[in-house]
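Asks: Pasting work.tsv here (TSV, C-alpha atoms):
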chain	number	residue	atom	x	y	z
W	1	MET	CA	13.04	-9.45	0.40
W	2	GLY	CA	12.70	-6.85	3.10
W	3	GLU	CA	10.53	-5.48	5.85
W	4	ALA	CA	7.02	-4.12	5.38
W	5	ASN	CA	7.09	-0.38	4.63
W	6	GLY	CA	10.84	-0.46	4.12
W	7	PRO	CA	12.60	1.49	1.38
W	8	ILE	CA	12.33	-1.38	-1.11
W	9	GLU	CA	8.57	-1.74	-0.61
W	10	ARG	CA	8.22	2.01	-1.01
W	11	LEU	CA	10.18	1.90	-4.29
W	12	LEU	CA	7.99	-0.99	-5.49
W	13	GLU	CA	4.81	0.89	-4.66
W	14	THR	CA	5.97	4.02	-6.47
W	15	LEU	CA	7.07	2.05	-9.53
W	16	THR	CA	3.66	0.35	-9.86
W	17	GLN	CA	2.08	3.80	-10.15
W	18	LEU	CA	3.84	4.30	-13.49
W	19	PRO	CA	1.82	3.57	-16.63
W	20	GLY	CA	2.39	0.07	-18.03
W	21	ILE	CA	4.30	-1.14	-14.96
W	22	GLY	CA	2.64	-4.02	-13.09
W	23	PRO	CA	3.85	-5.72	-9.90
W	24	LYS	CA	6.17	-8.10	-11.81
W	25	SER	CA	7.83	-5.38	-13.90
W	26	ALA	CA	8.16	-3.20	-10.81
W	27	GLU	CA	9.95	-6.01	-9.02
W	28	ARG	CA	12.31	-6.61	-11.93
W	29	ILE	CA	13.11	-2.91	-12.18
W	30	ALA	CA	13.54	-2.51	-8.40
W	31	HIS	CA	15.97	-5.43	-8.25
W	32	PHE	CA	17.88	-4.00	-11.19
W	33	LEU	CA	18.08	-0.59	-9.50
W	34	ILE	CA	19.16	-2.02	-6.15
W	35	SER	CA	21.72	-4.52	-7.42
W	36	GLY	CA	25.26	-3.70	-8.46
W	37	ASP	CA	26.70	-0.22	-8.05
W	38	ARG	CA	23.28	1.53	-8.17
W	39	LYS	CA	24.55	3.94	-10.81
W	40	VAL	CA	21.25	3.94	-12.69
W	41	ALA	CA	19.28	4.54	-9.46
W	42	VAL	CA	21.36	7.62	-8.69
W	43	GLU	CA	21.09	8.84	-12.30
W	44	LEU	CA	17.32	8.34	-12.34
W	45	ALA	CA	16.82	10.18	-9.04
W	46	GLU	CA	18.91	13.05	-10.39
W	47	ALA	CA	17.08	13.11	-13.77
W	48	LEU	CA	13.74	13.24	-11.93
W	49	ARG	CA	14.94	16.09	-9.72
W	50	CYS	CA	16.04	18.09	-12.78
W	51	VAL	CA	12.73	17.51	-14.55
W	52	VAL	CA	10.68	18.49	-11.51
W	53	GLU	CA	12.74	21.64	-10.94
W	54	GLN	CA	13.39	22.80	-14.49
W	55	ILE	CA	10.58	21.72	-16.80
W	56	ARG	CA	7.77	24.25	-17.24
W	57	PRO	CA	5.32	25.22	-20.01
W	58	CYS	CA	6.66	27.35	-22.87
W	59	ARG	CA	5.54	30.99	-22.56
W	60	GLU	CA	4.16	30.95	-26.11
W	61	CYS	CA	2.85	27.47	-26.94
W	62	PHE	CA	2.67	25.68	-23.53
W	63	ASN	CA	4.83	22.81	-24.76
W	64	LEU	CA	7.12	21.59	-21.98
W	65	THR	CA	10.63	23.04	-21.92
W	66	ALA	CA	13.56	23.85	-19.65
W	67	SER	CA	13.76	27.40	-21.06
W	68	GLU	CA	11.22	30.18	-21.08
W	69	LEU	CA	10.61	29.62	-24.79
W	70	CYS	CA	10.62	26.04	-26.13
W	71	GLY	CA	13.06	24.90	-28.83
W	72	ILE	CA	10.37	24.97	-31.52
W	73	CYS	CA	9.08	28.48	-30.73
W	74	ALA	CA	12.69	29.71	-30.49
W	75	ASP	CA	13.63	28.21	-33.86
W	76	SER	CA	13.51	31.01	-36.46
W	77	ARG	CA	13.50	28.45	-39.31
W	78	ARG	CA	10.01	27.28	-38.32
W	79	ASP	CA	7.02	28.77	-40.13
W	80	ALA	CA	5.40	31.12	-37.60
W	81	GLY	CA	2.37	31.50	-39.87
W	82	GLN	CA	1.06	28.03	-38.99
W	83	ILE	CA	-0.10	26.91	-35.55
W	84	CYS	CA	-0.95	23.26	-34.96
W	85	VAL	CA	-3.27	22.99	-31.94
W	86	VAL	CA	-2.76	19.75	-29.98
W	87	GLU	CA	-3.97	18.38	-26.66
W	88	THR	CA	-0.72	17.39	-24.94
W	89	PRO	CA	3.06	17.86	-25.15
W	90	ARG	CA	3.20	14.23	-26.16
W	91	ASP	CA	1.28	15.03	-29.35
W	92	VAL	CA	4.01	17.54	-30.20
W	93	THR	CA	6.58	14.73	-29.96
W	94	LEU	CA	4.47	12.57	-32.29
W	95	PHE	CA	4.17	15.28	-34.94
W	96	GLU	CA	7.86	16.13	-34.67
W	97	ARG	CA	8.73	12.49	-35.16
W	98	ALA	CA	6.50	12.29	-38.25
W	99	GLY	CA	8.76	15.12	-39.40
W	100	ASN	CA	6.79	16.83	-42.18
W	101	TYR	CA	5.38	19.77	-40.22
W	102	ARG	CA	7.47	22.93	-40.04
W	103	GLY	CA	5.08	25.33	-38.30
W	104	LEU	CA	4.59	26.06	-34.59
W	105	TYR	CA	2.34	24.34	-32.02
W	106	HIS	CA	-0.13	25.28	-29.34
W	107	VAL	CA	-0.64	22.80	-26.49
W	108	LEU	CA	-4.14	23.01	-25.01
W	109	GLY	CA	-3.30	20.95	-21.94
W	110	GLY	CA	-6.12	18.45	-22.51
W	111	ARG	CA	-9.55	18.35	-24.08
W	112	LEU	CA	-13.02	19.34	-22.95
W	113	ALA	CA	-14.35	16.63	-20.63
W	114	PRO	CA	-17.19	18.08	-18.54
W	115	LEU	CA	-17.68	14.82	-16.64
W	116	GLU	CA	-14.06	14.97	-15.45
W	117	GLY	CA	-14.36	18.64	-14.62
W	118	VAL	CA	-12.29	19.85	-17.59
W	119	GLY	CA	-13.99	22.95	-19.00
W	120	PRO	CA	-12.71	25.68	-21.37
W	121	ASP	CA	-10.98	27.47	-18.48
W	122	GLN	CA	-8.74	24.48	-17.78
W	123	LEU	CA	-7.39	24.64	-21.35
W	124	THR	CA	-5.09	27.27	-22.89
W	125	LEU	CA	-7.80	28.49	-25.28
W	126	ASN	CA	-7.61	32.17	-24.31
W	127	PRO	CA	-3.84	32.36	-24.84
W	128	LEU	CA	-4.42	30.72	-28.26
W	129	VAL	CA	-6.94	33.40	-29.23
W	130	ARG	CA	-4.55	36.13	-28.02
W	131	ARG	CA	-1.71	34.57	-30.03
W	132	VAL	CA	-3.81	34.63	-33.21
W	133	HIS	CA	-5.03	38.21	-32.55
W	134	ARG	CA	-1.42	39.37	-32.24
W	135	GLY	CA	-1.15	38.67	-35.98
W	136	GLY	CA	1.26	36.91	-38.30
W	137	VAL	CA	-0.76	33.70	-38.28
W	138	ARG	CA	-2.08	32.35	-41.60
W	139	GLU	CA	-3.52	29.01	-40.55
W	140	VAL	CA	-4.60	27.25	-37.38
W	141	ILE	CA	-4.64	23.44	-37.74
W	142	LEU	CA	-6.92	21.81	-35.17
W	143	ALA	CA	-5.19	18.50	-34.37
W	144	THR	CA	-7.18	17.26	-31.38
W	145	SER	CA	-7.80	13.52	-31.08
W	146	PRO	CA	-10.46	11.93	-33.32
W	147	THR	CA	-12.92	11.32	-30.49
W	148	LEU	CA	-16.15	12.97	-29.32
W	149	GLU	CA	-14.27	15.02	-26.73
W	150	GLY	CA	-11.50	15.93	-29.14
W	151	ASP	CA	-14.02	16.98	-31.77
W	152	GLY	CA	-15.90	19.07	-29.21
W	153	THR	CA	-12.69	20.80	-28.22
W	154	ALA	CA	-11.84	21.53	-31.86
W	155	LEU	CA	-15.35	22.89	-32.43
W	156	LEU	CA	-15.03	25.30	-29.50
W	157	ALA	CA	-11.56	26.42	-30.59
W	158	GLY	CA	-12.90	26.99	-34.10
W	159	ASN	CA	-15.77	29.10	-32.76
W	160	LEU	CA	-13.44	31.20	-30.61
W	161	LEU	CA	-11.19	31.86	-33.64
W	162	ALA	CA	-14.04	32.63	-36.04
W	163	GLY	CA	-13.81	36.21	-37.29
W	164	THR	CA	-10.04	36.44	-36.85
W	165	GLY	CA	-9.68	35.93	-40.59
W	166	VAL	CA	-7.15	33.09	-40.34
W	167	SER	CA	-7.75	29.83	-42.13
W	168	ILE	CA	-8.90	27.12	-39.71
W	169	THR	CA	-8.33	23.51	-40.74
W	170	LYS	CA	-8.80	20.05	-39.26
W	171	LEU	CA	-6.75	16.89	-39.70
W	172	ALA	CA	-8.02	14.50	-42.38
W	173	ARG	CA	-10.10	11.47	-41.30
W	174	GLY	CA	-10.04	8.22	-43.20
W	175	LEU	CA	-8.43	4.82	-43.40
W	176	PRO	CA	-5.24	4.48	-41.37
W	177	ALA	CA	-2.29	3.78	-43.69
W	178	GLY	CA	-1.03	0.24	-43.32
W	179	GLY	CA	-4.30	-1.02	-41.85
W	180	SER	CA	-6.77	-3.30	-43.61
W	181	LEU	CA	-10.39	-2.56	-44.53
W	182	GLU	CA	-11.46	-5.41	-42.27
W	183	LEU	CA	-10.17	-3.59	-39.21
W	184	ALA	CA	-11.94	-0.31	-40.02
W	185	ASN	CA	-15.15	0.30	-38.07
W	186	ALA	CA	-18.29	1.99	-39.40
W	187	GLN	CA	-17.14	5.48	-38.38
W	188	ILE	CA	-13.76	5.11	-40.08
W	189	LEU	CA	-15.45	3.88	-43.26
W	190	ALA	CA	-18.00	6.71	-43.15
W	191	ASP	CA	-15.15	9.25	-42.74
W	192	ALA	CA	-13.20	7.63	-45.58
W	193	LEU	CA	-16.23	7.80	-47.89
W	194	ALA	CA	-17.14	11.36	-46.95
W	195	GLY	CA	-13.58	12.55	-47.50
W	196	ARG	CA	-12.95	10.68	-50.78
W	197	ARG	CA	-10.87	12.44	-53.41
W	198	GLU	CA	-10.36	12.19	-57.20
W	199	LEU	CA	-7.56	9.83	-58.18
S	200	MET	CA	9.22	17.72	-27.19
S	201	GLY	CA	12.21	19.63	-25.93
S	202	GLU	CA	15.79	20.54	-26.59
S	203	ALA	CA	18.56	18.04	-27.23
S	204	ASN	CA	20.29	17.04	-23.98
S	205	GLY	CA	17.60	18.78	-21.92
S	206	PRO	CA	16.23	17.33	-18.68
S	207	ILE	CA	13.47	15.44	-20.50
S	208	GLU	CA	15.90	13.76	-22.89
S	209	ARG	CA	18.08	12.84	-19.94
S	210	LEU	CA	15.09	11.29	-18.12
S	211	LEU	CA	14.17	9.35	-21.29
S	212	GLU	CA	17.72	8.03	-21.65
S	213	THR	CA	17.84	6.88	-18.03
S	214	LEU	CA	14.42	5.23	-18.24
S	215	THR	CA	15.42	3.19	-21.32
S	216	GLN	CA	18.26	1.68	-19.26
S	217	LEU	CA	15.69	-0.08	-17.04
S	218	PRO	CA	14.91	-3.72	-17.85
S	219	GLY	CA	11.82	-4.16	-20.02
S	220	ILE	CA	11.52	-0.45	-20.83
S	221	GLY	CA	11.88	0.41	-24.52
S	222	PRO	CA	11.79	3.87	-26.12
S	223	LYS	CA	7.98	3.90	-26.34
S	224	SER	CA	7.40	2.89	-22.70
S	225	ALA	CA	10.06	5.36	-21.61
S	226	GLU	CA	8.22	8.13	-23.42
S	227	ARG	CA	4.88	7.17	-21.90
S	228	ILE	CA	6.39	7.04	-18.41
S	229	ALA	CA	8.29	10.32	-18.87
S	230	HIS	CA	5.14	12.14	-20.00
S	231	PHE	CA	3.24	10.70	-17.07
S	232	LEU	CA	5.96	11.83	-14.63
S	233	ILE	CA	6.18	15.33	-16.11
S	234	SER	CA	2.48	16.02	-16.48
S	235	GLY	CA	0.16	17.07	-13.69
S	236	ASP	CA	1.46	17.92	-10.23
S	237	ARG	CA	4.57	15.69	-10.56
S	238	LYS	CA	3.80	14.02	-7.24
S	239	VAL	CA	4.90	10.60	-8.48
S	240	ALA	CA	8.17	12.04	-9.88
S	241	VAL	CA	9.01	13.54	-6.49
S	242	GLU	CA	8.02	10.32	-4.70
S	243	LEU	CA	10.09	8.18	-7.05
S	244	ALA	CA	13.18	10.38	-6.69
S	245	GLU	CA	12.80	10.19	-2.92
S	246	ALA	CA	12.23	6.40	-2.92
S	247	LEU	CA	15.37	5.96	-5.04
S	248	ARG	CA	17.40	8.14	-2.69
S	249	CYS	CA	16.25	6.07	0.33
S	250	VAL	CA	17.07	2.80	-1.39
S	251	VAL	CA	20.53	3.98	-2.47
S	252	GLU	CA	21.32	5.31	1.01
S	253	GLN	CA	19.72	2.70	3.25
S	254	ILE	CA	19.65	-0.68	1.56
S	255	ARG	CA	22.61	-2.95	2.32
S	256	PRO	CA	23.25	-6.70	2.62
S	257	CYS	CA	22.05	-8.44	5.79
S	258	ARG	CA	24.97	-9.21	8.14
S	259	GLU	CA	23.93	-12.87	8.36
S	260	CYS	CA	22.36	-13.94	5.07
S	261	PHE	CA	23.29	-11.13	2.59
S	262	ASN	CA	19.67	-10.57	1.66
S	263	LEU	CA	19.00	-6.85	1.07
S	264	THR	CA	17.64	-4.90	4.02
S	265	ALA	CA	17.47	-1.46	5.57
S	266	SER	CA	18.58	-2.82	8.97
S	267	GLU	CA	21.74	-4.61	9.99
S	268	LEU	CA	19.81	-7.89	10.18
S	269	CYS	CA	17.08	-8.61	7.60
S	270	GLY	CA	13.47	-9.23	8.61
S	271	ILE	CA	13.77	-12.96	8.01
S	272	CYS	CA	16.98	-13.45	10.05
S	273	ALA	CA	15.51	-11.28	12.82
S	274	ASP	CA	12.26	-13.28	12.94
S	275	SER	CA	12.50	-15.71	15.88
S	276	ARG	CA	9.57	-17.75	14.51
S	277	ARG	CA	11.65	-18.87	11.52
S	278	ASP	CA	13.42	-22.24	11.72
S	279	ALA	CA	17.11	-21.38	12.18
S	280	GLY	CA	18.03	-25.02	11.55
S	281	GLN	CA	17.37	-24.73	7.80
S	282	ILE	CA	19.33	-22.54	5.38
S	283	CYS	CA	18.13	-22.19	1.80
S	284	VAL	CA	21.06	-21.09	-0.39
S	285	VAL	CA	19.97	-18.90	-3.31
S	286	GLU	CA	21.74	-16.79	-5.92
S	287	THR	CA	20.04	-13.39	-5.57
S	288	PRO	CA	17.79	-11.41	-3.20
S	289	ARG	CA	15.12	-11.76	-5.87
S	290	ASP	CA	15.10	-15.53	-5.33
S	291	VAL	CA	14.31	-14.89	-1.65
S	292	THR	CA	11.24	-12.90	-2.73
S	293	LEU	CA	10.12	-15.77	-4.96
S	294	PHE	CA	10.41	-18.38	-2.17
S	295	GLU	CA	8.70	-16.06	0.31
S	296	ARG	CA	5.84	-15.58	-2.10
S	297	ALA	CA	5.49	-19.35	-2.59
S	298	GLY	CA	5.01	-19.25	1.17
S	299	ASN	CA	5.76	-22.79	2.32
S	300	TYR	CA	9.35	-22.33	3.50
S	301	ARG	CA	9.90	-21.30	7.13
S	302	GLY	CA	13.68	-21.54	7.45
S	303	LEU	CA	16.38	-18.94	6.80
S	304	TYR	CA	18.23	-18.01	3.59
S	305	HIS	CA	21.74	-17.40	2.39
S	306	VAL	CA	22.20	-15.16	-0.66
S	307	LEU	CA	25.33	-16.05	-2.66
S	308	GLY	CA	25.26	-12.88	-4.73
S	309	GLY	CA	25.35	-14.74	-8.06
S	310	ARG	CA	26.64	-18.01	-9.46
S	311	LEU	CA	29.99	-19.23	-10.70
S	312	ALA	CA	30.55	-17.88	-14.20
S	313	PRO	CA	34.27	-18.00	-14.99
S	314	LEU	CA	33.76	-16.43	-18.42
S	315	GLU	CA	32.20	-13.38	-16.78
S	316	GLY	CA	34.89	-13.26	-14.13
S	317	VAL	CA	32.65	-14.55	-11.31
S	318	GLY	CA	34.73	-16.99	-9.24
S	319	PRO	CA	34.18	-18.42	-5.74
S	320	ASP	CA	35.62	-15.26	-4.15
S	321	GLN	CA	32.89	-13.08	-5.65
S	322	LEU	CA	30.23	-15.18	-3.90
S	323	THR	CA	29.44	-15.35	-0.17
S	324	LEU	CA	30.55	-18.97	0.10
S	325	ASN	CA	33.03	-18.46	2.96
S	326	PRO	CA	30.44	-16.69	5.15
S	327	LEU	CA	28.07	-19.61	4.42
S	328	VAL	CA	30.66	-22.14	5.60
S	329	ARG	CA	31.33	-20.03	8.74
S	330	ARG	CA	27.58	-19.85	9.41
S	331	VAL	CA	27.24	-23.62	9.24
S	332	HIS	CA	30.36	-24.18	11.39
S	333	ARG	CA	28.89	-21.93	14.08
S	334	GLY	CA	26.34	-24.71	14.64
S	335	GLY	CA	22.58	-24.96	15.01
S	336	VAL	CA	22.10	-25.81	11.33
S	337	ARG	CA	20.39	-29.12	10.46
S	338	GLU	CA	19.97	-28.78	6.71
S	339	VAL	CA	21.36	-26.67	3.86
S	340	ILE	CA	19.08	-26.59	0.82
S	341	LEU	CA	20.99	-25.70	-2.36
S	342	ALA	CA	18.48	-23.71	-4.42
S	343	THR	CA	20.62	-22.36	-7.23
S	344	SER	CA	19.10	-22.09	-10.69
S	345	PRO	CA	18.69	-25.31	-12.74
S	346	THR	CA	21.42	-24.41	-15.23
S	347	LEU	CA	25.00	-25.53	-15.82
S	348	GLU	CA	26.34	-22.54	-13.87
S	349	GLY	CA	23.81	-22.94	-11.07
S	350	ASP	CA	24.60	-26.65	-10.79
S	351	GLY	CA	28.31	-25.91	-10.71
S	352	THR	CA	27.79	-23.41	-7.91
S	353	ALA	CA	25.71	-25.92	-5.92
S	354	LEU	CA	28.39	-28.56	-6.43
S	355	LEU	CA	31.11	-26.27	-5.06
S	356	ALA	CA	28.94	-25.21	-2.09
S	357	GLY	CA	28.22	-28.89	-1.38
S	358	ASN	CA	31.94	-29.72	-1.44
S	359	LEU	CA	32.79	-26.84	0.89
S	360	LEU	CA	30.14	-28.00	3.35
S	361	ALA	CA	31.09	-31.70	3.17
S	362	GLY	CA	32.28	-32.94	6.54
S	363	THR	CA	30.26	-30.40	8.54
S	364	GLY	CA	27.74	-33.15	9.29
S	365	VAL	CA	24.68	-31.15	8.18
S	366	SER	CA	22.27	-32.62	5.65
S	367	ILE	CA	22.78	-31.06	2.21
S	368	THR	CA	19.85	-31.19	-0.20
S	369	LYS	CA	19.01	-29.91	-3.67
S	370	LEU	CA	15.70	-28.74	-5.13
S	371	ALA	CA	13.75	-31.41	-7.03
S	372	ARG	CA	13.97	-31.48	-10.83
S	373	GLY	CA	11.09	-32.63	-12.99
S	374	LEU	CA	8.06	-31.48	-14.92
S	375	PRO	CA	6.91	-27.94	-14.12
S	376	ALA	CA	3.41	-28.00	-12.60
S	377	GLY	CA	0.83	-26.60	-14.99
S	378	GLY	CA	3.01	-27.21	-18.05
S	379	SER	CA	2.38	-29.82	-20.70
S	380	LEU	CA	4.60	-32.77	-21.66
S	381	GLU	CA	4.87	-31.31	-25.16
S	382	LEU	CA	6.72	-28.28	-23.82
S	383	ALA	CA	9.24	-30.30	-21.79
S	384	ASN	CA	12.64	-30.68	-23.41
S	385	ALA	CA	14.87	-33.77	-23.25
S	386	GLN	CA	16.65	-32.63	-20.09
S	387	ILE	CA	13.37	-31.98	-18.24
S	388	LEU	CA	12.04	-35.42	-19.25
S	389	ALA	CA	15.30	-37.09	-18.25
S	390	ASP	CA	15.14	-35.36	-14.83
S	391	ALA	CA	11.48	-36.34	-14.43
S	392	LEU	CA	12.24	-39.98	-15.22
S	393	ALA	CA	15.32	-40.12	-12.99
S	394	GLY	CA	13.43	-38.60	-10.08
S	395	ARG	CA	10.24	-40.66	-10.45
S	396	ARG	CA	8.48	-41.75	-7.26
S	397	GLU	CA	6.00	-44.44	-6.21
S	398	LEU	CA	2.38	-43.36	-6.53
Take the structure in this file and express it as structure tokens.
Replies:
Amino acid sequence: MGEANGPIERLLETLTQLPGIGPKSAERIAHFLISGDRKVAVELAEALRCVVEQIRPCRECFNLTASELCGICADSRRDAGQICVVETPRDVTLFERAGNYRGLYHVLGGRLAPLEGVGPDQLTLNPLVRRVHRGGVREVILATSPTLEGDGTALLAGNLLAGTGVSITKLARGLPAGGSLELANAQILADALAGRREL
Amino acid sequence: MGEANGPIERLLETLTQLPGIGPKSAERIAHFLISGDRKVAVELAEALRCVVEQIRPCRECFNLTASELCGICADSRRDAGQICVVETPRDVTLFERAGNYRGLYHVLGGRLAPLEGVGPDQLTLNPLVRRVHRGGVREVILATSPTLEGDGTALLAGNLLAGTGVSITKLARGLPAGGSLELANAQILADALAGRREL
């Protein structure tokens, strides 16, 4: 519907870079944005500008925020004695949505992945250790993803925090609620057996 | 992951207004745009700005373009004797992708839908009639959608063009290639029977 390398083609190309957006979805979205009064296109451009200019990592926990301190760190009703260590800001959203955690977070900014060039220095491990050394922390919950890389990251974090005297815990492994035994692989079953508890 | 009404929430709200983007996709896209060096966020904001500022209807056919005349109208290799009348710029993309049409287009900007307040004056029917009256046109192909409203729009366009002496055609109706008879409804079968041709 236009010339090669024109503004529409450029919009299409940028849209297909987004996760989960293929050429067909990109086209549908582009036509939606271009048609009518273009209110949403203007709004989206403005929302993107704000995010790019204003969003930065929280000074304390490295969650993303528009202030110096994120809303969770700034909330005095949260339990500052607990720190839940996660890989990404998205994980914070997931825990907050689950809604039963009232402590603080620490966002590592990824997980150890030597093959992709992500070593300990690319993560916010040193600030985590400093945070714990400052005192007031009872428990550090290692909530990295249940994968080899996530486990390796948790192991390193645990080693770095050893000797600080705080309790270091890991998320439980086992059967996912709502799933069926049929869908569980050998590792899930092994975890579920190893972590079994008295009824 | 942030404060209520913050830039991230605003981005999420705008993203969920896009077609086919639910809350989960919006979150995935927002996190992707915010993380890393934010190159795609900057690119997308810029692409949107260009589209909003530069894209307008073609002077001749009302297809969307960044120039005064769209690439198809400006292409002297296209057959100016044929005009394919479609509802939206998106339809032009679909025909161009099919690749076997070499004439020009005319974008109506919608179809008659009295209940939604779309009457003949909201469509580019008068410019179409003027285009045909200017001469040089052999055939007008009415390619509105195969629905009641699309048919009504084609009927009106046909009436307006009656007496101009140009051949007025409609797209064929019948079984969709690649489909199965089982999936064809009564109207499709009736069209297929009515339009049957000698082997």
Asks: Name the residues in contact with Val365 of chain S at a cut-off of 12 Å, using only C-alpha atoms, excluding same-chain residues fewer than 6 positions from it; report them as a PDB file with C-alpha atoms, in the coordinates of the input.
Replies:
ATOM      1  CA  GLY S 280      18.030 -25.020  11.550  1.00  0.00           C
ATOM      2  CA  GLN S 281      17.370 -24.730   7.800  1.00  0.00           C
ATOM      3  CA  ILE S 282      19.330 -22.540   5.380  1.00  0.00           C
ATOM      4  CA  VAL S 328      30.660 -22.140   5.600  1.00  0.00           C
ATOM      5  CA  ARG S 330      27.580 -19.850   9.410  1.00  0.00           C
ATOM      6  CA  VAL S 331      27.240 -23.620   9.240  1.00  0.00           C
ATOM      7  CA  HIS S 332      30.360 -24.180  11.390  1.00  0.00           C
ATOM      8  CA  ARG S 333      28.890 -21.930  14.080  1.00  0.00           C
ATOM      9  CA  GLY S 334      26.340 -24.710  14.640  1.00  0.00           C
ATOM     10  CA  GLY S 335      22.580 -24.960  15.010  1.00  0.00           C
ATOM     11  CA  VAL S 336      22.100 -25.810  11.330  1.00  0.00           C
ATOM     12  CA  ARG S 337      20.390 -29.120  10.460  1.00  0.00           C
ATOM     13  CA  GLU S 338      19.970 -28.780   6.710  1.00  0.00           C
ATOM     14  CA  VAL S 339      21.360 -26.670   3.860  1.00  0.00           C
ATOM     15  CA  ILE S 340      19.080 -26.590   0.820  1.00  0.00           C
ATOM     16  CA  GLY S 357      28.220 -28.890  -1.380  1.00  0.00           C
ATOM     17  CA  LEU S 359      32.790 -26.840   0.890  1.00  0.00           C
TER      18      LEU S 359
END
Asks: Could the residues of chain S within 8 Å of chain W, counting only C-alpha atoms, be given as a ChimeraX atom specification, please?
Replies: /S:200-202,205-207,209-210,213-214,216-219,224,227-228,230-233,237,239-251,253-254,262-265,269-271,288-289,291-292,295
Asks: Just to confirm, what's the straight-line distance from atom CA of Thr144 of chain W to atom CA of Arg111 of chain W in Å (one decimal)?
Replies: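 That distance, rounded to one decimal, is 7.8 Å.
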Asks: What is the distance, in Å and to one decimal place, between atom CA of Leu380 of chain S and atom CA of Arg396 of chain S?
Replies: 17.4 Å
Asks: Show which residues sit within 9 Å of Cys73 of chain W, as a list of chain:residue names. Count all atoms listed in the file, and ignore same-chain residues fewer than 6 positions away.
Replies: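 Contacts, with the query itself left out: W:Cys58, W:Glu60, W:Cys61, W:Ala80, W:Leu104, W:Tyr105.
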Asks: Would you kindly identify which residues have an atom no farther than 8 Å from (15.2, -26.1, -10.7), using only C-alpha atoms and the file's own coordinates, and write them out as a list of chain:residue names?
Replies: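 Here is the list of nearby residues: S:Ala342, S:Thr343, S:Ser344, S:Pro345, S:Thr346, S:Leu370, S:Ala371, S:Arg372.
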Asks: State, in Å with one decimal place, the distance from atom CA of Thr352 of chain S to atom CA of Pro313 of chain S.
Replies: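 Between atom CA of Thr352 of chain S and atom CA of Pro313 of chain S the gap is 11.0 Å.
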